[in-house]
$ cat entry28.tsv   # TSV, C-alpha atoms
chain	number	residue	atom	x	y	z
A	1	MET	CA	0.00	0.00	0.00
A	2	PRO	CA	2.01	3.00	-1.22
A	3	PHE	CA	2.12	6.54	0.06
A	4	GLN	CA	2.81	9.08	-2.67
A	5	LEU	CA	4.27	12.58	-2.41
A	6	HIS	CA	3.80	14.84	-5.44
A	7	PHE	CA	6.47	17.50	-6.01
A	8	GLY	CA	6.21	20.81	-7.83
A	9	GLU	CA	9.19	22.84	-9.04
A	10	SER	CA	9.28	24.99	-5.90
A	11	ASP	CA	9.21	21.89	-3.67
A	12	LEU	CA	12.53	20.72	-5.09
A	13	LEU	CA	14.10	23.94	-3.80
A	14	ARG	CA	12.61	23.60	-0.31
A	15	CYS	CA	13.81	20.19	0.83
A	16	ARG	CA	15.93	20.19	3.99
A	17	PHE	CA	17.38	17.82	6.55
A	18	ALA	CA	16.50	17.87	10.24
A	19	LEU	CA	16.68	15.63	13.26
A	20	SER	CA	14.14	15.24	16.05
A	21	PRO	CA	14.69	13.92	19.58
A	22	LEU	CA	10.90	13.80	19.96
A	23	PHE	CA	10.50	11.59	16.90
A	24	GLU	CA	13.23	9.25	18.17
A	25	THR	CA	11.37	9.06	21.48
A	26	GLN	CA	8.12	8.12	19.77
A	27	GLU	CA	9.83	5.53	17.58
A	28	ALA	CA	11.62	4.07	20.61
A	29	VAL	CA	8.21	3.58	22.26
A	30	ARG	CA	6.96	1.92	19.07
A	31	THR	CA	10.07	-0.30	18.85
A	32	LEU	CA	9.36	-1.77	22.29
A	33	ARG	CA	6.26	-3.41	20.81
A	34	ARG	CA	7.61	-4.30	17.35
A	35	THR	CA	9.91	-7.29	17.60
A	36	GLY	CA	10.86	-7.01	13.92
A	37	ARG	CA	12.87	-3.91	14.84
A	38	HIS	CA	14.74	-5.49	17.75
A	39	GLY	CA	17.70	-6.98	15.89
A	40	TYR	CA	19.95	-3.92	15.89
A	41	HIS	CA	18.79	-2.70	19.31
A	42	LEU	CA	19.11	-5.70	21.62
A	43	PRO	CA	21.86	-4.08	23.77
A	44	TRP	CA	19.66	-0.99	24.21
A	45	LEU	CA	16.61	-3.11	25.02
A	46	ARG	CA	18.56	-4.88	27.75
A	47	ARG	CA	19.74	-1.59	29.22
A	48	ILE	CA	16.28	0.01	29.36
A	49	ARG	CA	14.30	-3.09	30.39
A	50	GLU	CA	13.73	-1.94	33.97
A	51	ALA	CA	13.08	1.70	33.06
A	52	SER	CA	10.62	0.84	30.29
A	53	GLY	CA	8.79	-1.60	32.55
A	54	ALA	CA	8.00	1.25	34.93
A	55	LEU	CA	6.20	3.26	32.22
A	56	ASP	CA	2.51	2.94	31.34
A	57	LEU	CA	2.75	3.42	27.58
A	58	GLU	CA	-0.62	1.89	26.66
A	59	PRO	CA	-2.21	5.22	25.53
A	60	LEU	CA	0.68	5.81	23.12
A	61	TRP	CA	0.69	2.22	21.85
A	62	LEU	CA	-3.06	2.40	21.22
A	63	LEU	CA	-2.44	5.34	18.87
A	64	MET	CA	0.22	3.43	16.91
A	65	PRO	CA	-1.63	1.00	14.61
A	66	ALA	CA	0.63	-1.25	12.57
A	67	VAL	CA	-1.20	-0.18	9.40
A	68	GLY	CA	-2.79	3.20	8.82
A	69	HIS	CA	-2.71	6.62	10.42
A	70	ASN	CA	-0.50	7.58	13.32
A	71	PRO	CA	-1.19	10.94	15.03
A	72	ASP	CA	1.01	13.73	13.73
A	73	PHE	CA	0.46	16.07	16.67
A	74	ILE	CA	2.51	13.90	19.06
A	75	CYS	CA	5.57	14.24	16.80
A	76	PRO	CA	5.12	17.22	14.46
A	77	PRO	CA	7.90	18.05	11.98
A	78	PRO	CA	10.88	19.54	13.86
A	79	ILE	CA	10.75	23.30	14.27
A	80	GLY	CA	14.41	23.61	13.24
A	81	PRO	CA	17.37	21.51	12.12
A	82	LEU	CA	18.67	21.13	15.69
A	83	ALA	CA	15.54	21.46	17.84
A	84	THR	CA	15.78	20.29	21.45
A	85	PHE	CA	13.35	17.87	23.04
A	86	GLU	CA	12.14	20.64	25.36
A	87	GLU	CA	11.25	22.84	22.40
A	88	GLU	CA	9.49	20.01	20.61
A	89	ILE	CA	7.45	18.80	23.60
A	90	ALA	CA	6.37	22.40	24.26
A	91	ALA	CA	4.92	22.47	20.73
A	92	VAL	CA	2.99	19.26	21.48
A	93	ARG	CA	1.53	20.76	24.65
A	94	ALA	CA	0.40	23.80	22.66
A	95	VAL	CA	-1.61	21.79	20.09
A	96	ASP	CA	-5.27	22.78	19.66
A	97	PRO	CA	-7.28	20.04	21.44
A	98	GLU	CA	-9.76	19.79	18.56
A	99	VAL	CA	-6.92	19.22	16.10
A	100	ALA	CA	-5.59	16.55	18.44
A	101	ARG	CA	-9.02	14.92	18.76
A	102	ALA	CA	-9.43	14.62	14.97
A	103	ASP	CA	-5.88	13.23	14.72
A	104	MET	CA	-6.51	10.64	17.45
A	105	ALA	CA	-9.85	9.63	15.92
A	106	LEU	CA	-8.13	8.75	12.63
A	107	ALA	CA	-5.55	6.60	14.40
A	108	LEU	CA	-8.12	4.85	16.60
A	109	ALA	CA	-10.27	4.09	13.54
A	110	ASP	CA	-7.31	2.13	12.12
A	111	ARG	CA	-6.96	0.12	15.34
A	112	HIS	CA	-9.54	-2.66	15.73
A	113	GLY	CA	-11.76	-1.67	18.64
A	114	GLY	CA	-9.58	1.37	19.37
A	115	SER	CA	-12.34	3.96	19.55
A	116	ALA	CA	-14.52	1.74	21.75
A	117	SER	CA	-11.75	0.76	24.17
A	118	PRO	CA	-11.72	2.40	27.61
A	119	VAL	CA	-8.48	4.26	26.86
A	120	GLY	CA	-9.72	5.32	23.41
A	121	ARG	CA	-12.99	6.65	24.81
A	122	ARG	CA	-11.13	8.56	27.53
A	123	LEU	CA	-8.75	10.19	25.03
A	124	LEU	CA	-11.56	11.30	22.71
A	125	ALA	CA	-13.86	12.48	25.49
A	126	ASP	CA	-11.42	15.10	26.79
A	127	PRO	CA	-8.83	15.95	24.12
A	128	ALA	CA	-7.27	18.76	26.18
A	129	ARG	CA	-6.57	16.28	28.98
A	130	ALA	CA	-5.39	13.74	26.40
A	131	VAL	CA	-2.83	16.20	25.01
A	132	ARG	CA	-1.43	16.74	28.51
A	133	GLU	CA	-1.41	13.01	29.26
A	134	LEU	CA	0.33	12.05	26.02
A	135	ALA	CA	2.87	14.87	26.33
A	136	ASP	CA	3.66	13.74	29.88
A	137	LEU	CA	4.12	10.15	28.70
A	138	LEU	CA	6.45	11.24	25.91
A	139	ASP	CA	8.43	13.31	28.41
A	140	GLN	CA	8.77	10.28	30.70
A	141	ALA	CA	9.76	8.07	27.76
A	142	TRP	CA	12.38	10.61	26.69
A	143	GLN	CA	13.96	10.63	30.14
A	144	ALA	CA	13.92	6.84	30.53
A	145	LEU	CA	14.60	5.56	27.01
A	146	ILE	CA	16.44	8.22	24.99
A	147	GLU	CA	18.02	11.02	27.03
A	148	PRO	CA	20.75	8.83	28.61
A	149	TYR	CA	21.83	7.77	25.11
A	150	TRP	CA	21.06	10.95	23.20
A	151	PRO	CA	24.70	12.06	22.63
A	152	ARG	CA	25.37	8.72	20.93
A	153	LEU	CA	22.14	8.82	18.91
A	154	ARG	CA	22.56	12.46	17.93
A	155	ALA	CA	26.11	11.81	16.71
A	156	LEU	CA	24.87	9.06	14.40
A	157	LEU	CA	21.98	11.19	13.11
A	158	GLU	CA	24.21	14.20	12.48
A	159	ALA	CA	26.73	12.00	10.70
A	160	ASP	CA	23.96	10.69	8.45
A	161	ILE	CA	22.89	14.23	7.59
A	162	THR	CA	26.48	15.21	6.84
A	163	TYR	CA	26.90	12.24	4.51
A	164	HIS	CA	23.62	12.70	2.66
A	165	SER	CA	24.10	16.45	2.35
A	166	ARG	CA	27.27	15.67	0.42
A	167	ARG	CA	25.42	13.13	-1.71
A	168	LEU	CA	22.78	15.75	-2.46
A	169	ALA	CA	25.48	18.14	-3.62
A	170	ASP	CA	27.18	15.43	-5.68
A	171	SER	CA	24.23	13.73	-7.34
A	172	GLY	CA	21.04	15.75	-6.85
A	173	LEU	CA	17.75	15.09	-5.07
A	174	GLU	CA	16.39	12.38	-7.36
A	175	GLN	CA	19.39	10.08	-6.91
A	176	LEU	CA	19.64	10.89	-3.20
A	177	LEU	CA	16.05	9.84	-2.55
A	178	GLY	CA	16.69	6.55	-4.32
A	179	GLU	CA	19.69	5.91	-2.07
A	180	LEU	CA	17.91	6.55	1.24
A	181	SER	CA	15.96	3.29	1.14
A	182	PRO	CA	14.91	0.55	-1.32
A	183	ARG	CA	11.33	1.36	-0.27
A	184	LEU	CA	11.53	4.69	-2.13
A	185	SER	CA	11.01	5.12	-5.86
A	186	TRP	CA	10.93	8.25	-7.98
A	187	ASN	CA	8.83	8.65	-11.12
A	188	GLY	CA	8.61	12.01	-12.84
A	189	SER	CA	7.60	14.35	-10.04
A	190	THR	CA	6.23	11.73	-7.64
A	191	LEU	CA	8.00	9.99	-4.76
A	192	THR	CA	6.40	6.66	-3.79
A	193	VAL	CA	6.94	5.24	-0.31
A	194	ALA	CA	6.23	1.51	-0.17
A	195	GLY	CA	5.17	0.23	3.22
A	196	THR	CA	2.31	-0.12	5.63
A	197	GLN	CA	0.95	3.41	5.99
A	198	GLY	CA	-2.09	2.99	3.79
A	199	ASP	CA	-2.81	3.94	0.22
A	200	HIS	CA	-2.96	7.73	0.07
A	201	GLU	CA	-1.13	10.68	-1.43
A	202	ARG	CA	-0.22	14.27	-0.73
A	203	VAL	CA	0.61	17.21	-2.96
A	204	LEU	CA	3.47	19.11	-1.34
A	205	GLY	CA	2.16	22.42	-2.63
A	206	GLY	CA	5.37	24.42	-2.39
A	207	GLN	CA	6.18	23.43	1.21
A	208	GLY	CA	9.03	21.14	0.23
A	209	LEU	CA	9.96	18.07	2.26
A	210	VAL	CA	11.68	17.63	5.62
A	211	LEU	CA	14.13	14.67	5.41
A	212	MET	CA	14.75	13.08	8.81
A	213	PRO	CA	17.10	10.18	9.59
A	214	SER	CA	15.96	7.93	12.44
A	215	VAL	CA	17.71	5.29	14.51
A	216	PHE	CA	14.57	3.38	15.48
A	217	VAL	CA	12.44	3.54	12.32
A	218	TRP	CA	14.44	0.75	10.57
A	219	PRO	CA	13.51	-1.15	8.43
A	220	GLU	CA	10.59	1.11	7.57
A	221	VAL	CA	10.34	4.47	5.83
A	222	VAL	CA	7.61	6.79	7.08
A	223	GLY	CA	5.96	9.37	4.84
A	224	GLY	CA	3.91	12.15	6.44
A	225	HIS	CA	2.63	14.40	7.80
A	226	GLU	CA	-0.99	15.26	7.01
A	227	GLU	CA	-2.36	18.78	6.91
A	228	PRO	CA	-1.82	21.14	8.70
A	229	TRP	CA	1.69	19.79	9.30
A	230	ARG	CA	4.58	20.28	6.91
A	231	PRO	CA	5.36	17.11	4.87
A	232	GLY	CA	8.17	14.91	6.13
A	233	LEU	CA	10.02	11.73	5.18
A	234	ILE	CA	11.67	9.65	7.88
A	235	TYR	CA	14.23	7.05	6.80
A	236	PRO	CA	16.68	4.68	8.58
A	237	ALA	CA	19.95	6.33	9.52
A	238	ARG	CA	23.22	4.91	8.25
A	239	GLY	CA	25.47	3.04	10.65
A	240	ILE	CA	22.92	1.63	13.10
A	241	GLY	CA	24.63	-1.77	12.91
A	242	GLY	CA	27.46	-0.48	15.09
A	243	LEU	CA	25.43	1.94	17.19
A	244	TRP	CA	25.45	-0.02	20.44
A	245	SER	CA	28.87	-1.63	20.16
A	246	GLU	CA	31.50	-0.56	22.67
A	247	SER	CA	34.94	0.72	21.78
A	248	GLY	CA	36.70	-2.53	22.67
A	249	ASP	CA	34.48	-4.41	20.25
A	250	ARG	CA	35.95	-2.66	17.24
A	251	THR	CA	39.56	-1.76	18.12
A	252	PRO	CA	42.18	-4.22	16.78
A	253	GLU	CA	44.81	-5.09	19.37
A	254	THR	CA	47.63	-4.37	16.91
A	255	LEU	CA	46.28	-0.85	16.35
A	256	ALA	CA	46.04	-0.32	20.11
A	257	ARG	CA	49.71	-1.30	20.46
A	258	LEU	CA	50.66	1.09	17.65
A	259	LEU	CA	48.73	4.19	18.74
A	260	GLY	CA	47.92	3.45	22.37
A	261	ARG	CA	44.61	1.94	23.52
A	262	VAL	CA	42.63	5.15	24.06
A	263	ARG	CA	43.82	6.89	20.91
A	264	ALA	CA	43.08	3.77	18.86
A	265	ASP	CA	39.62	3.59	20.44
A	266	VAL	CA	38.95	7.18	19.40
A	267	LEU	CA	40.03	6.50	15.82
A	268	CYS	CA	37.97	3.31	15.57
A	269	ALA	CA	34.90	4.94	17.12
A	270	LEU	CA	34.72	7.30	14.14
A	271	ASP	CA	32.88	4.92	11.83
A	272	GLU	CA	30.75	8.02	11.14
A	273	PRO	CA	31.62	11.69	11.76
A	274	ALA	CA	31.13	12.65	15.42
A	275	GLY	CA	31.82	15.47	17.86
A	276	THR	CA	33.92	15.51	21.00
A	277	SER	CA	31.06	15.20	23.48
A	278	ALA	CA	29.45	12.30	21.59
A	279	LEU	CA	32.76	10.43	21.44
A	280	ALA	CA	33.40	11.07	25.13
A	281	HIS	CA	29.98	9.69	26.03
A	282	ARG	CA	30.42	6.68	23.75
A	283	LEU	CA	33.89	5.83	25.09
A	284	GLY	CA	33.28	6.73	28.71
A	285	LEU	CA	36.08	9.31	28.72
A	286	ALA	CA	36.41	12.93	29.78
A	287	PRO	CA	35.73	15.37	26.89
A	288	SER	CA	39.08	17.07	27.54
A	289	SER	CA	40.91	13.77	27.09
A	290	VAL	CA	39.03	12.98	23.87
A	291	SER	CA	39.75	16.49	22.59
A	292	ASP	CA	43.48	16.00	23.14
A	293	HIS	CA	43.49	12.68	21.28
A	294	LEU	CA	41.46	14.14	18.41
A	295	SER	CA	43.99	16.95	18.06
A	296	VAL	CA	46.89	14.48	17.88
A	297	LEU	CA	45.10	12.27	15.35
A	298	ARG	CA	44.20	15.27	13.22
A	299	GLY	CA	47.77	16.55	13.40
A	300	ALA	CA	48.98	13.15	12.19
A	301	GLY	CA	46.73	13.38	9.15
A	302	LEU	CA	44.34	10.65	10.31
A	303	LEU	CA	41.34	12.92	10.85
A	304	THR	CA	39.74	16.02	9.40
A	305	SER	CA	37.22	18.30	11.09
A	306	ARG	CA	34.34	20.52	10.00
A	307	ARG	CA	31.76	22.61	11.83
A	308	TYR	CA	28.12	21.46	11.79
A	309	GLY	CA	25.60	23.56	13.73
A	310	HIS	CA	26.71	23.88	17.34
A	311	GLN	CA	29.68	21.53	17.22
A	312	VAL	CA	32.77	20.38	15.31
A	313	LEU	CA	32.51	16.97	13.68
A	314	TYR	CA	35.60	14.79	13.18
A	315	GLU	CA	35.98	12.07	10.56
A	316	ARG	CA	38.73	9.84	9.28
A	317	THR	CA	40.89	10.79	6.32
A	318	PRO	CA	41.62	8.10	3.71
A	319	LEU	CA	44.83	7.39	5.65
A	320	GLY	CA	42.87	7.04	8.90
A	321	ILE	CA	40.38	4.74	7.24
A	322	ALA	CA	43.13	2.56	5.79
A	323	LEU	CA	44.95	2.37	9.11
A	324	ALA	CA	41.83	1.41	11.10
A	325	ALA	CA	40.86	-1.19	8.53
A	326	SER	CA	44.18	-2.80	7.76
A	327	VAL	CA	46.02	-3.14	11.04

$ encode --input "entry28.tsv" --output "structure tokens"
Amino acid sequence: MPFQLHFGESDLLRCRFALSPLFETQEAVRTLRRTGRHGYHLPWLRRIREASGALDLEPLWLLMPAVGHNPDFICPPPIGPLATFEEEIAAVRAVDPEVARADMALALADRHGGSASPVGRRLLADPARAVRELADLLDQAWQALIEPYWPRLRALLEADITYHSRRLADSGLEQLLGELSPRLSWNGSTLTVAGTQGDHERVLGGQGLVLMPSVFVWPEVVGGHEEPWRPGLIYPARGIGGLWSESGDRTPETLARLLGRVRADVLCALDEPAGTSALAHRLGLAPSSVSDHLSVLRGAGLLTSRRYGHQVLYERTPLGIALAASV
């Protein structure tokens, strides 16, 4: 059942990348219930088992049918390329209750017995209370499931955006969209998203498209949002296969003897571009120590750096890649 997005000329000029801690929170909640997504995230699932068990996520799960509409108001398109969770959840709390009620009704209609269930009836009966309840649940899920790991997740998402921004510059939007996922196909001025969202379409109408990488959406691609939200396309981020591995899992002993254990760990942790704070969190080191090692590795010609938003991202040079791969 395909979802189709129809582009006009002005839409091609208004496509942009963004990342969303709120969307990752929602998709993490969804992943808890979808075992087909668990393969890459088993280490994370083990770490959050106790914290997730303390949350009552049933109202959110009820609004997440496997096929059909999912409410847009609980994860609207990000308000900027680097929006914080606090900014995004404030936008959820400010949603018009009647808009939220219509959005929930569509989702509950796609869930067998959803509208007639006790939780469904309660949500629809008092949409203002429902908005507060769902926002509170998302806030709790953020704190328990995502916030402790956000530096690691954000580094991966920012690295994906850096990579695909280059691909956009090199090959153009049509080829880029085809590379994001095998579920995407481009024909003329129409992007088709194959999946389980239902058979419907949307004319972008000059708004362009927000492209968002996601850690937890794999293996799906999500096309949305419905009016009045700006259209978005959420696709699996690159590099999730190594997301939860620890530094010792990927550092060859011979490289550690050559460069020193910590410096080799820093080099090997850069499978994707990352900043100092993300590397420090991933490796369990002080940011000042990581910064010193990054400076040495860059001085040796093994790394390059570039500024992205609020931070400097480091990545391996061809020499650094060859050294990490061949030792």

$ residues_around --input "entry28.tsv" --residues "Leu279 of chain A" --least-positions-apart "3" --cutoff "9 Å" --atoms "all atoms listed in the file" --output "count of residues only"
15

$ residues_around --input "entry28.tsv" --residues "segment 156-172 of chain A" --least-positions-apart "2" --cutoff "8 Å" --atoms "only C-alpha atoms" --output "number ranges by chain"
A: 17-19, 152-154, 174-176, 213-215, 237-240, 243, 272-274

$ write_last_selection --input "entry28.tsv" --atoms "C-alpha atoms" --output "short mmCIF file (atom, residue, chain, number, x, y, z; two decimals), in the coordinates of the input"
data_model
loop_
_atom_site.label_atom_id
_atom_site.label_comp_id
_atom_site.auth_asym_id
_atom_site.auth_seq_id
_atom_site.Cartn_x
_atom_site.Cartn_y
_atom_site.Cartn_z
CA PHE A 17 17.38 17.82 6.55
CA ALA A 18 16.50 17.87 10.24
CA LEU A 19 16.68 15.63 13.26
CA ARG A 152 25.37 8.72 20.93
CA LEU A 153 22.14 8.82 18.91
CA ARG A 154 22.56 12.46 17.93
CA GLU A 174 16.39 12.38 -7.36
CA GLN A 175 19.39 10.08 -6.91
CA LEU A 176 19.64 10.89 -3.20
CA PRO A 213 17.10 10.18 9.59
CA SER A 214 15.96 7.93 12.44
CA VAL A 215 17.71 5.29 14.51
CA ALA A 237 19.95 6.33 9.52
CA ARG A 238 23.22 4.91 8.25
CA GLY A 239 25.47 3.04 10.65
CA ILE A 240 22.92 1.63 13.10
CA LEU A 243 25.43 1.94 17.19
CA GLU A 272 30.75 8.02 11.14
CA PRO A 273 31.62 11.69 11.76
CA ALA A 274 31.13 12.65 15.42
#

$ atom_distance --input "entry28.tsv" --atom1 "atom CA of Asp96 of chain A" --atom2 "atom CA of Arg132 of chain A"
11.4 Å

$ atom_distance --input "entry28.tsv" --atom1 "atom CA of Ala102 of chain A" --atom2 "atom CA of Cys75 of chain A"
15.1 Å

$ closest_residue --input "entry28.tsv" --among "A:Leu297, A:Ile234, A:Leu123, A:Leu22" --to "Val262 of chain A" --atoms "all atoms listed in the file"
A:Leu297

$ atom_distance --input "entry28.tsv" --atom1 "atom CA of Val221 of chain A" --atom2 "atom CA of Asp11 of chain A"
19.9 Å

$ closest_residue --input "entry28.tsv" --among "A:Leu106, A:Ala83, A:Ala300, A:Ala94" --to "Arg316 of chain A" --atoms "all atoms listed in the file"
A:Ala300

$ closest_residue --input "entry28.tsv" --among "A:Trp61, A:Asp72, A:Leu255, A:Leu323" --to "Pro228 of chain A" --atoms "only C-alpha atoms"
A:Asp72

$ residues_around --input "entry28.tsv" --residues "Ser185 of chain A" --least-positions-apart "2" --cutoff "12 Å" --atoms "all atoms listed in the file" --output "list of chain:residue names"
A:Pro2, A:Phe3, A:Gln4, A:Leu5, A:Glu174, A:Gln175, A:Leu176, A:Leu177, A:Gly178, A:Glu179, A:Leu180, A:Ser181, A:Pro182, A:Arg183, A:Asn187, A:Gly188, A:Ser189, A:Thr190, A:Leu191, A:Thr192, A:Val193, A:Ala194, A:Gly195, A:Val221

$ write_last_selection --input "entry28.tsv" --atoms "C-alpha atoms" --output "mmCIF file, in the coordinates of the input"
data_model
loop_
_atom_site.group_PDB
_atom_site.id
_atom_site.type_symbol
_atom_site.label_atom_id
_atom_site.label_comp_id
_atom_site.auth_asym_id
_atom_site.auth_seq_id
_atom_site.Cartn_x
_atom_site.Cartn_y
_atom_site.Cartn_z
ATOM 1 C CA PRO A 2 2.010 3.000 -1.220
ATOM 2 C CA PHE A 3 2.120 6.540 0.060
ATOM 3 C CA GLN A 4 2.810 9.080 -2.670
ATOM 4 C CA LEU A 5 4.270 12.580 -2.410
ATOM 5 C CA GLU A 174 16.390 12.380 -7.360
ATOM 6 C CA GLN A 175 19.390 10.080 -6.910
ATOM 7 C CA LEU A 176 19.640 10.890 -3.200
ATOM 8 C CA LEU A 177 16.050 9.840 -2.550
ATOM 9 C CA GLY A 178 16.690 6.550 -4.320
ATOM 10 C CA GLU A 179 19.690 5.910 -2.070
ATOM 11 C CA LEU A 180 17.910 6.550 1.240
ATOM 12 C CA SER A 181 15.960 3.290 1.140
ATOM 13 C CA PRO A 182 14.910 0.550 -1.320
ATOM 14 C CA ARG A 183 11.330 1.360 -0.270
ATOM 15 C CA ASN A 187 8.830 8.650 -11.120
ATOM 16 C CA GLY A 188 8.610 12.010 -12.840
ATOM 17 C CA SER A 189 7.600 14.350 -10.040
ATOM 18 C CA THR A 190 6.230 11.730 -7.640
ATOM 19 C CA LEU A 191 8.000 9.990 -4.760
ATOM 20 C CA THR A 192 6.400 6.660 -3.790
ATOM 21 C CA VAL A 193 6.940 5.240 -0.310
ATOM 22 C CA ALA A 194 6.230 1.510 -0.170
ATOM 23 C CA GLY A 195 5.170 0.230 3.220
ATOM 24 C CA VAL A 221 10.340 4.470 5.830
#

$ residues_around --input "entry28.tsv" --residues "Glu133 of chain A" --least-positions-apart "3" --cutoff "10 Å" --atoms "all atoms listed in the file" --output "PyMOL selection string"
chain A and resi 59-60+93+123+127-130+136-139

$ residues_around --input "entry28.tsv" --residues "segment 317-322 of chain A" --least-positions-apart "3" --cutoff "10 Å" --atoms "all atoms listed in the file" --output "PyMOL selection string"
chain A and resi 267-268+270-271+297-298+300-305+314+325-327

$ closest_residue --input "entry28.tsv" --among "A:Gly114, A:Pro97, A:Gly36, A:Gly80" --to "Val217 of chain A" --atoms "only C-alpha atoms"
A:Gly36

$ closest_residue --input "entry28.tsv" --among "A:Met212, A:Leu294, A:Leu258, A:Ala278" --to "Leu82 of chain A" --atoms "all atoms listed in the file"
A:Met212

$ closest_residue --input "entry28.tsv" --among "A:Ala66, A:Trp244, A:Phe73, A:Pro81" --to "His112 of chain A" --atoms "all atoms listed in the file"
A:Ala66
